[in-house]
Structures are given as C-alpha cells and as structure tokens.
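Taking it in order: structure first as structure tokens, then the write-up.
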Amino acid sequence: VYHDMQYAQSGHAPAGSATEDAELRHMVRRLSHHASIVMWDGCNECRVIMGTDTAIYATFVMTVVAQEDASRAVWPSCPALGWTTGVHKLDATPNGNALTTPKDGKTLETHGPYLHGTGFPAVNGAAKLQLFDANLPIKVTEAPTGVDVPNVFASEFGAVVMSSFESMSPTLLPYHWSLHASQPPDTCGGGFGKTCVGPNVMAERNYPCDNLIDVYFGTKGENYFNVSSEANFKAQLYQCQLSQALYMKSNIETRRAQNQLGHLVWQYNEIWPTGGWGSIEYGSPRPGQVLGGRWKPLQYFYRRSIFADVMATCGDGGACYVRNDRAGRPFEGSCTVASLEFATGASKTVHTLDLTGKSALAPGAGVTRFFTVDLSAVDAATHMLTASCAPVAADAVTTSFVRAGAVGASGAADASLNEILLAPPAALTLPPAAVSATVAKTANADGTVDVTLKANATALYVTLTTAAQGRFTDNAFAVTAAAAQVVQFVPFDGFDKGELERTLRVEHLAERL
C-alpha cells in the first residue's frame with residue numbers, strides 16, 4: 001500500500017492545527033502495524049514546493065508521520081520529485097533532519113494518462129464522442145532497462161469501465177437496462193463534476209462507455225446504446241469491460257517495454273456499481289452482487305500476464321520482449337510464441353526463446369530481452385498470438401498458475417500466459433461458437449469447485465459470471481474445440497453451490513460483436 005494522507009489538491013490542504021496533528025498521529029499508530037504499507041506520502045497531486053503554501057506537507061504533515069513511523073519510506077506527495085534533505089537516499093526512510101524538497105529535477109513519478117468515458121451527457125466525461133487509438137498491435141520500442149538505468153514510477157493511470165449485469169441490474173429498473181437508460185439525455189454543464197438536469201438515471205453513473213465500445217467494437221450509434229433489454233444490457237456491459245481490459249493491457253505492455261519499474265493503476269475497487277475505474281466490482285447484500293467484489297476481466301489480465309513477474313508479449317512487425325521483474329531472482333525456462341487460427345483452432349509455434357543456462361534472464365527488476373518473430377503468415381483478422389513463459393522444474397514461480405487445457409500452456413506451471421490480439425475485436429473474423437460450462441458435482445478438497453468449459457469452435461474472451469458468492473480462478477480467455485478447459489470457482493462466505501449452478505452464464509466475443 002502506497003498510503004496518502006487525508007489531503008489532496010485544491011481546497012483540501014491542512015492548516016497545521018493541534019487537531020490535525022493528533023489526527024495524523026492516531027492514523028499512523030492505527031495503521032502502521034500493517035505489513036502491507038510500504039510508503040506514506042503527504043497528499044494526492046499537490047506538488048510540495050518549499051517557500052509556498054504546499055511546504056506545510058513537508059514541515060508539518062510528513063514531519064509528524066516520520067516522527068511516528070521512521071521504519072518506512074516517506075514521500076512528499078503523489079507524484080513528487082523526491083526530497084532534498086530529511087531521508088536516507090537509498091530507501092527514503094527518515095534520517096531525523098528537516099524534510100525539504102527540490103525546486104525542480106528529473107521526473108521520477110508520473111500520473112496519467114486517463115481514458116475517460118465520453119459520448120453521453122453525464123456528471124463526468126464529455127458529451128461529445130472522443131475516440132482514441134486502440135493501440136493494437138502495440139508498438140514495442142527497444143530501450144535500455146534495469147535498475148541501473150534512470151527509471152520512472154507510474155503511480156496513477158487508468159481507464160473507465162462499468163460493472164457486470166449482476167451488479168448493475170439490481171440498482172436500476174428493468175426499463176433502464178441500457179447504457180443510455182432508454183431516456184432522453186440530461187443537460188449537463190460545469191467542470192470536472194458537472195451538474196446534470198433531467199431524468200436520465202445513467203447520467204449520474206459517472207463516466208459513460210460509448211467511446212470505448214466504439215473504438216473496439218465499431219460504431220454503434222444511439223439506437224444501440226438506448227434500447228433497454230436484458231440481452232442488450234448484458235452485451236453492452238461485456239463490451240465495456242473487455243474494452244477497458246484491452247486498453248489497459250496494451251497500455252501496460254507498452255510501458256513495460258520501457259524502463260518503468262512500478263505501475264499503480266487507478267483504481268482497484270469500485271465504491272458502487274457505476275461508470276468507475278476499478279477492476280474489482282463493488283458488492284453489497286443486493287441480489288446478484290458479490291460481497292468482497294467480483295473480478296472484472298482486467299483483474300484476470302493482471303494476474304495471467306500483464307502484472308506477472310515474468311511475461312512476454314509481441315507487437316507491431318513482430319517486435320517482442322520478455323521481461324523479468326522478480327527482484328533479485330533470475331528466470332530460467334522458456335517462452336513460446338504461437339499463432340492461434342480462429343477458424344480451425346490450430347495453434348502453431350512461431351518462435352521459442354530458450355532461457356536456460358547462460359541464456360537465463362538475469363535477476364530483476366526490469367531485466368528485458370527484446371526479440372523479433374516472423375508474422376508474415378499471421379493474418380491479424382484471422383489469428384491471435386499467445387506468449388507463454390514457463391520455468392524449468394527447479395525454478396519455482398510463486399505467482400504461477402495452471403489452467404487445464406490452456407492454449408499455449410506448457411506441461412509445467414506457467415509464469416505467464418498472454419493472449420495477444422493484433423487488431424481490435426471489430427476487425428476480427430470469428431467463427432460462430434457454442435460454449436458450455438458444467439459445474440462439478442462435488443467440491444475439491446480445498447473447497448473450490450471445478451467448472452469445465454467446452455466449445456464447438458474457437459471462442460475468444462470466454463467470460464463466466466454468476467450471482468454466487470466467490471470468484472473464478474481465471475476468466476476472459478480463449479477456448480478451442482480441441483480440448484476442454486477447467487477453471488475453479490473460489491467460494492466466499494455465503495457461497496451456495498446451487499446458486500452457482502442456477503445463475504452461471506457464459507459469454508464470448510463472437511456473440512458480442
């Protein structure tokens with residue numbers, strides 16, 4: 001946890017009062033025993049400059065915090081240029097001297113960019129549709145990486161998204177089950193937080209999702225967004241969630257080819273079912289919502305590839321890289337790039353990278369090896385790539401996972417499995433596919449429940465959703481007719497296996513285009 005104090009830009013500054021002093025000390029004493037906190041910082045987006053009003057974050061806020069907890073790194077703000085005095089330079093822990101900041105310096109930390117939803121009048125976002133580059137395939141630019149090279153910490157960026165039908169629908173009347181609520185649009189005006197006048201219930205759901213869906217799924221138009229029905233709303237929400245996941249995937253893969261050694265995404269969890277930024281849904285006792293949060297497709301992308309310690313990807317022109325971000329640990333194994341033909345489900349190896357012996361990846365973080373593959377026979381409309389990295393048996397990967405029958409998976413646990421589109425979904429030629437999901441009759445010894453997926457043709461981004469309390473171990477992936485795939489359902493408190501069987505539903509890309 002990178003922990004802001006209770007202050008932020010524009011009107012939320014401290015005054016240095018005795019009450020604020022006591023409040024800061026109480027908060028640090030209350031939270032400092034949590035091992036997950038790695039750094040305290042003074043405020044969100046309020047550059048701390050000595051001799052100005054913002055100096056109070058150094059002279060008061062972080063001085064108090066450093067007095068209470070000298071064991072952790074302290075930081076002026078998020079983002080910041082660091083300290084001039086007051087900390088040990090290696091780890092930013094307090095050294096007892098006065099905390100001061102530089103007037104200028106090299107950029108160490110960045111915020112943004114943020115992909116805001118546009119195309120529909122709402123309290124946030126722009127009513128006018130603003131499209132963007134899908135960044136598929138990504139542009140891989142070879143550059144020096146590693147801890148000995150100047151680097152940047154990207155501590156906030158993100159993309160907007162809606163939640164699943166199961167979470168959204170209980171908060172809306174069925175008449176409003178569409179992204180435009182089947183109502184005339186509100187009139188919205190003002191700045192960052194607009195005032196909207198009118199009856200449209202979706203105008204209050206923060207950012208719309210029109211531009212994301214149009215970029216990845218083709219121009220849809222008002223009639224599509226405004227027709228309310230259960231089927232239509234489910235399709236729109238699937239498209240919105242997958243669009244966020246694809247955007248963030250290409251964004252982070254592009255960043256990891258550079259010397260960025262840290263990525264914090266805005267944001268992790270939603271605070272209600274709305275047009276938010278999270279990869280975890282908000283959950284309440286309402287029917288269909290998951291207490292503790294249902295994982296959106298992006299969260300599975302994080303786990304499977306883009307935030308894996310060892311991952312490989314490929315981009316435009318066959319430019320690829322593999323990266324080891326395991327701090328102080330080499331990686332020994334192999335990475336295989338394969339092409340998956342949609343029409344036949346055939347997987348063909350394009351390139352295998354031997355990373356054993358003298359060719360092993362050196363200890364991370366930021367150790368990157370660039371390579372090129374021949375994609376002359378790979379049509380972006382009819383194929384996708386997979387890049388799987390697997391360790392040798394002796395190299396245990398703590399973040400590894402196994403999905404039975406996974407496309408491109410090796411016999412061993414994969415360090416990562418990356419499914420790579422070379423074109424937006426709207427440009428793909430996919431076969432019609434029927435996908436079935438079968439819940440095992442009995443639970444496993446650890447309490448998880450197997451769910452077996454079968455397809456009669458290649459299906460991309462197969463996504464399972466249920467009203468049952470829990471989450472799936474994997475989701476939003478490719479399934480071919482060649483082999484069944486098995487995922488587990490991890491139960492949360494209140495899990496009812498009968499509810500899993502009754503409410504389980506399956507979606508995939510071809511039926512949502």
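Letters A, B, ... mark the chains of the structure tokens in the order given; residue numbers begin at 1 per chain; ligand numbers begin at 1, in order shown.
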
Select from segment 253-351 of chain A every residue with an atom at most 6 Å from any atom of segment 359-362 of chain A, then for each give the shortest pair of atoms and their distance in Å to one decimal, using only C-alpha atoms, rows by chain and rising number, as a Markdown table.
| residue | atom | partner | partner_atom | distance |
| --- | --- | --- | --- | --- |
| A:Pro330 | CA | A:Ala362 | CA | 4.6 |
| A:Phe331 | CA | A:Leu361 | CA | 5.0 |
| A:Glu332 | CA | A:Ala360 | CA | 4.8 |

Those same residues, written as a PDB file, in the first residue's frame with N, CA, C and O atoms?
ATOM      1  N   PRO A 330      16.867 -14.634 -10.811  1.00  0.00           N
ATOM      2  CA  PRO A 330      16.909 -14.891 -12.253  1.00  0.00           C
ATOM      3  C   PRO A 330      15.702 -15.717 -12.680  1.00  0.00           C
ATOM      4  O   PRO A 330      14.979 -16.268 -11.843  1.00  0.00           O
ATOM      5  N   PHE A 331      15.487 -15.800 -13.972  1.00  0.00           N
ATOM      6  CA  PHE A 331      14.447 -16.671 -14.502  1.00  0.00           C
ATOM      7  C   PHE A 331      15.081 -17.634 -15.484  1.00  0.00           C
ATOM      8  O   PHE A 331      15.746 -17.233 -16.446  1.00  0.00           O
ATOM      9  N   GLU A 332      14.854 -18.926 -15.249  1.00  0.00           N
ATOM     10  CA  GLU A 332      15.370 -19.953 -16.138  1.00  0.00           C
ATOM     11  C   GLU A 332      14.201 -20.797 -16.619  1.00  0.00           C
ATOM     12  O   GLU A 332      13.449 -21.363 -15.824  1.00  0.00           O
TER      13      GLU A 332
END

Exercise for the section: Show which residues sit within 7 Å of Leu115 of chain A, as JSON, numbers by chain. Count only C-alpha atoms, and ignore same-chain residues fewer than 2 positions away. Expected result: {"A": [113, 117, 158, 159, 160]}

Handout entry: Near-Phe495 of chain A list (8 Å; only C-alpha atoms; drop same-chain fewer than 2 positions) as a list in words
Key =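 Those residues are Ala468, Gln469, Gly470, Pro491, Phe492, Asp493, Lys497 and Glu499 of chain A.
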
Exercise for the section: Select, from A:Leu460, A:Leu246, A:Ala440, A:Val227, the residue with the minimum atom-to-atom distance to Ala343 of chain A, counting only C-alpha atoms. Expected result: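 For Ala343 of chain A, the nearest of the given residues is A:Leu460.
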
When you look at Gly345 of chain A with a cut-off of 8 Å (counting only C-alpha atoms), what residues show up, excluding the ones that are within fewer than 2 positions of it in the same chain? I need them as a CSV table (one decimal) with N, CA, C and O atoms, in the first residue's frame.
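result-v8.csv, freshly written:
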chain,number,residue,atom,x,y,z
A,340,LEU,N,-2.7,-18.6,-33.1
A,340,LEU,CA,-3.9,-19.4,-33.0
A,340,LEU,C,-4.8,-19.0,-34.1
A,340,LEU,O,-5.2,-17.8,-34.2
A,341,GLU,N,-5.2,-19.9,-35.0
A,341,GLU,CA,-6.1,-19.6,-36.1
A,341,GLU,C,-7.5,-19.8,-35.6
A,341,GLU,O,-7.9,-20.8,-35.1
A,342,PHE,N,-8.3,-18.7,-35.8
A,342,PHE,CA,-9.7,-18.8,-35.2
A,342,PHE,C,-10.5,-19.8,-35.9
A,342,PHE,O,-11.3,-20.6,-35.3
A,343,ALA,N,-10.4,-19.9,-37.2
A,343,ALA,CA,-11.3,-20.8,-38.0
A,343,ALA,C,-11.2,-22.3,-37.6
A,343,ALA,O,-12.1,-23.0,-37.5
A,347,SER,N,-3.1,-24.3,-33.3
A,347,SER,CA,-2.0,-23.5,-32.7
A,347,SER,C,-0.7,-23.9,-33.3
A,347,SER,O,-0.3,-25.1,-33.3
A,457,ALA,N,-16.2,-24.5,-31.5
A,457,ALA,CA,-15.4,-23.7,-32.3
A,457,ALA,C,-14.6,-22.7,-31.5
A,457,ALA,O,-14.9,-22.6,-30.3
A,458,THR,N,-13.6,-22.1,-32.1
A,458,THR,CA,-12.8,-21.2,-31.3
A,458,THR,C,-13.6,-20.0,-30.7
A,458,THR,O,-14.3,-19.4,-31.5
A,480,THR,N,-10.8,-23.4,-27.4
A,480,THR,CA,-10.9,-24.0,-28.7
A,480,THR,C,-11.7,-25.4,-28.6
A,480,THR,O,-11.9,-25.9,-27.5
A,481,ALA,N,-12.0,-25.9,-29.8
A,481,ALA,CA,-12.8,-27.2,-29.8
A,481,ALA,C,-11.8,-28.3,-29.5
A,481,ALA,O,-12.3,-29.4,-29.2
A,482,ALA,N,-10.5,-28.1,-29.5
A,482,ALA,CA,-9.6,-29.2,-29.4
A,482,ALA,C,-9.5,-29.8,-28.0
A,482,ALA,O,-9.3,-31.0,-27.8

Problem - Near-Gly218 of chain A list (6 Å; only C-alpha atoms; drop same-chain fewer than 3 positions) as an MDAnalysis selection string - result: chainID A and resid 214:215 426

File of the preceding selection, all heavy atoms, as a short mmCIF file (atom, residue, chain, number, x, y, z; two decimals), in the first residue's frame:
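Contents of out_3.cif, as written:
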data_model
loop_
_atom_site.label_atom_id
_atom_site.label_comp_id
_atom_site.auth_asym_id
_atom_site.auth_seq_id
_atom_site.Cartn_x
_atom_site.Cartn_y
_atom_site.Cartn_z
N ASP A 214 -17.11 1.94 -29.07
CA ASP A 214 -16.98 2.30 -30.48
C ASP A 214 -15.58 2.01 -31.01
O ASP A 214 -15.42 1.56 -32.15
CB ASP A 214 -17.30 3.78 -30.68
CG ASP A 214 -18.80 4.06 -30.71
OD1 ASP A 214 -19.58 3.10 -30.55
OD2 ASP A 214 -19.19 5.22 -30.89
N VAL A 215 -14.54 2.24 -30.21
CA VAL A 215 -13.17 2.01 -30.67
C VAL A 215 -12.90 0.52 -30.86
O VAL A 215 -12.30 0.11 -31.86
CB VAL A 215 -12.16 2.62 -29.68
CG1 VAL A 215 -10.74 2.06 -29.92
CG2 VAL A 215 -12.14 4.14 -29.81
N ALA A 426 -13.51 -5.60 -33.47
CA ALA A 426 -14.38 -5.34 -34.62
C ALA A 426 -13.75 -5.76 -35.93
O ALA A 426 -14.47 -6.00 -36.92
CB ALA A 426 -14.74 -3.86 -34.68
#

Exercise for the section: Skip segment 292-306 of chain A itself and residues of its chain fewer than 4 positions away, then list as a list in words all residues within 7 Å of it, counting only C-alpha atoms. Expected result: Gln241, Leu242, Ala245, Lys249, Ile252, Glu253, Ser279, Ile280, Glu281, Tyr282, Gly283, Met311, Ser416, Leu417, Asn418, Arg471, Asp474, Asn475 and Ala476 of chain A

Handout entry: segment 260-484 of chain A: residues DSSP assigns to helix (DSSP H, G or I), reported as number ranges by chain
Key = A: 297-306, 316-318, 357-359, 425-427

Problem - Shell around Val322 of chain A at 10 Å using only C-alpha atoms, local window under 4 positions removed, as a list in words - result: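 Non-adjacent residues within range: Arg256, Ala257, Val310, Met311, Ala312, Thr313, Cys314, Ser334, Cys335, Leu353, Leu361, Val367, Thr368, Arg369, Phe370, Phe371, Ala387 and Cys389 of chain A.
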
Residues just named, written with N, CA and C atoms as a short mmCIF file (atom, residue, chain, number, x, y, z; two decimals), in the first residue's frame:
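Below is the file selection_36.cif, written as the result:
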data_model
loop_
_atom_site.label_atom_id
_atom_site.label_comp_id
_atom_site.auth_asym_id
_atom_site.auth_seq_id
_atom_site.Cartn_x
_atom_site.Cartn_y
_atom_site.Cartn_z
N ARG A 256 5.82 -1.53 -20.02
CA ARG A 256 6.81 -2.49 -19.51
C ARG A 256 7.96 -2.70 -20.48
N ALA A 257 7.78 -2.32 -21.75
CA ALA A 257 8.91 -2.35 -22.69
C ALA A 257 9.88 -1.21 -22.40
N VAL A 310 7.19 -12.50 -14.62
CA VAL A 310 7.87 -12.87 -15.86
C VAL A 310 6.80 -12.94 -16.94
N MET A 311 6.93 -12.12 -17.96
CA MET A 311 5.92 -12.11 -19.02
C MET A 311 6.57 -11.77 -20.35
N ALA A 312 5.91 -12.21 -21.43
CA ALA A 312 6.36 -11.89 -22.79
C ALA A 312 5.17 -11.39 -23.58
N THR A 313 5.45 -10.54 -24.55
CA THR A 313 4.41 -10.06 -25.45
C THR A 313 5.04 -9.68 -26.77
N CYS A 314 4.19 -9.50 -27.78
CA CYS A 314 4.63 -9.12 -29.12
C CYS A 314 3.75 -8.00 -29.64
N SER A 334 11.65 -21.11 -20.49
CA SER A 334 11.48 -20.82 -21.92
C SER A 334 10.21 -20.01 -22.11
N CYS A 335 10.16 -19.29 -23.23
CA CYS A 335 8.96 -18.58 -23.64
C CYS A 335 8.64 -18.99 -25.07
N LEU A 353 11.91 -19.19 -27.27
CA LEU A 353 13.06 -18.50 -26.70
C LEU A 353 13.60 -19.35 -25.56
N LEU A 361 17.42 -15.35 -17.91
CA LEU A 361 17.27 -13.93 -17.64
C LEU A 361 17.90 -13.60 -16.29
N VAL A 367 14.70 -6.52 -16.04
CA VAL A 367 15.59 -7.18 -17.00
C VAL A 367 14.76 -7.58 -18.22
N THR A 368 15.09 -7.02 -19.37
CA THR A 368 14.28 -7.19 -20.57
C THR A 368 15.14 -7.73 -21.70
N ARG A 369 14.60 -8.69 -22.43
CA ARG A 369 15.27 -9.20 -23.62
C ARG A 369 14.31 -9.01 -24.80
N PHE A 370 14.76 -8.26 -25.78
CA PHE A 370 13.96 -8.00 -26.96
C PHE A 370 14.29 -9.03 -28.03
N PHE A 371 13.27 -9.43 -28.80
CA PHE A 371 13.48 -10.37 -29.90
C PHE A 371 12.41 -10.13 -30.96
N ALA A 387 1.66 -15.99 -25.94
CA ALA A 387 3.04 -16.00 -25.46
C ALA A 387 3.03 -16.59 -24.06
N CYS A 389 5.26 -18.25 -20.92
CA CYS A 389 6.58 -18.39 -20.31
C CYS A 389 6.48 -19.39 -19.17
#

Handout entry: segment 257-498 of chain A: residues DSSP assigns to strand (DSSP E), reported as number ranges by chain
Key = A: 260-263, 310-314, 319-324, 333-341, 347-355, 367-372, 383-391, 416-420, 435-439, 449-455, 459-465, 470-472, 477-479, 485-491
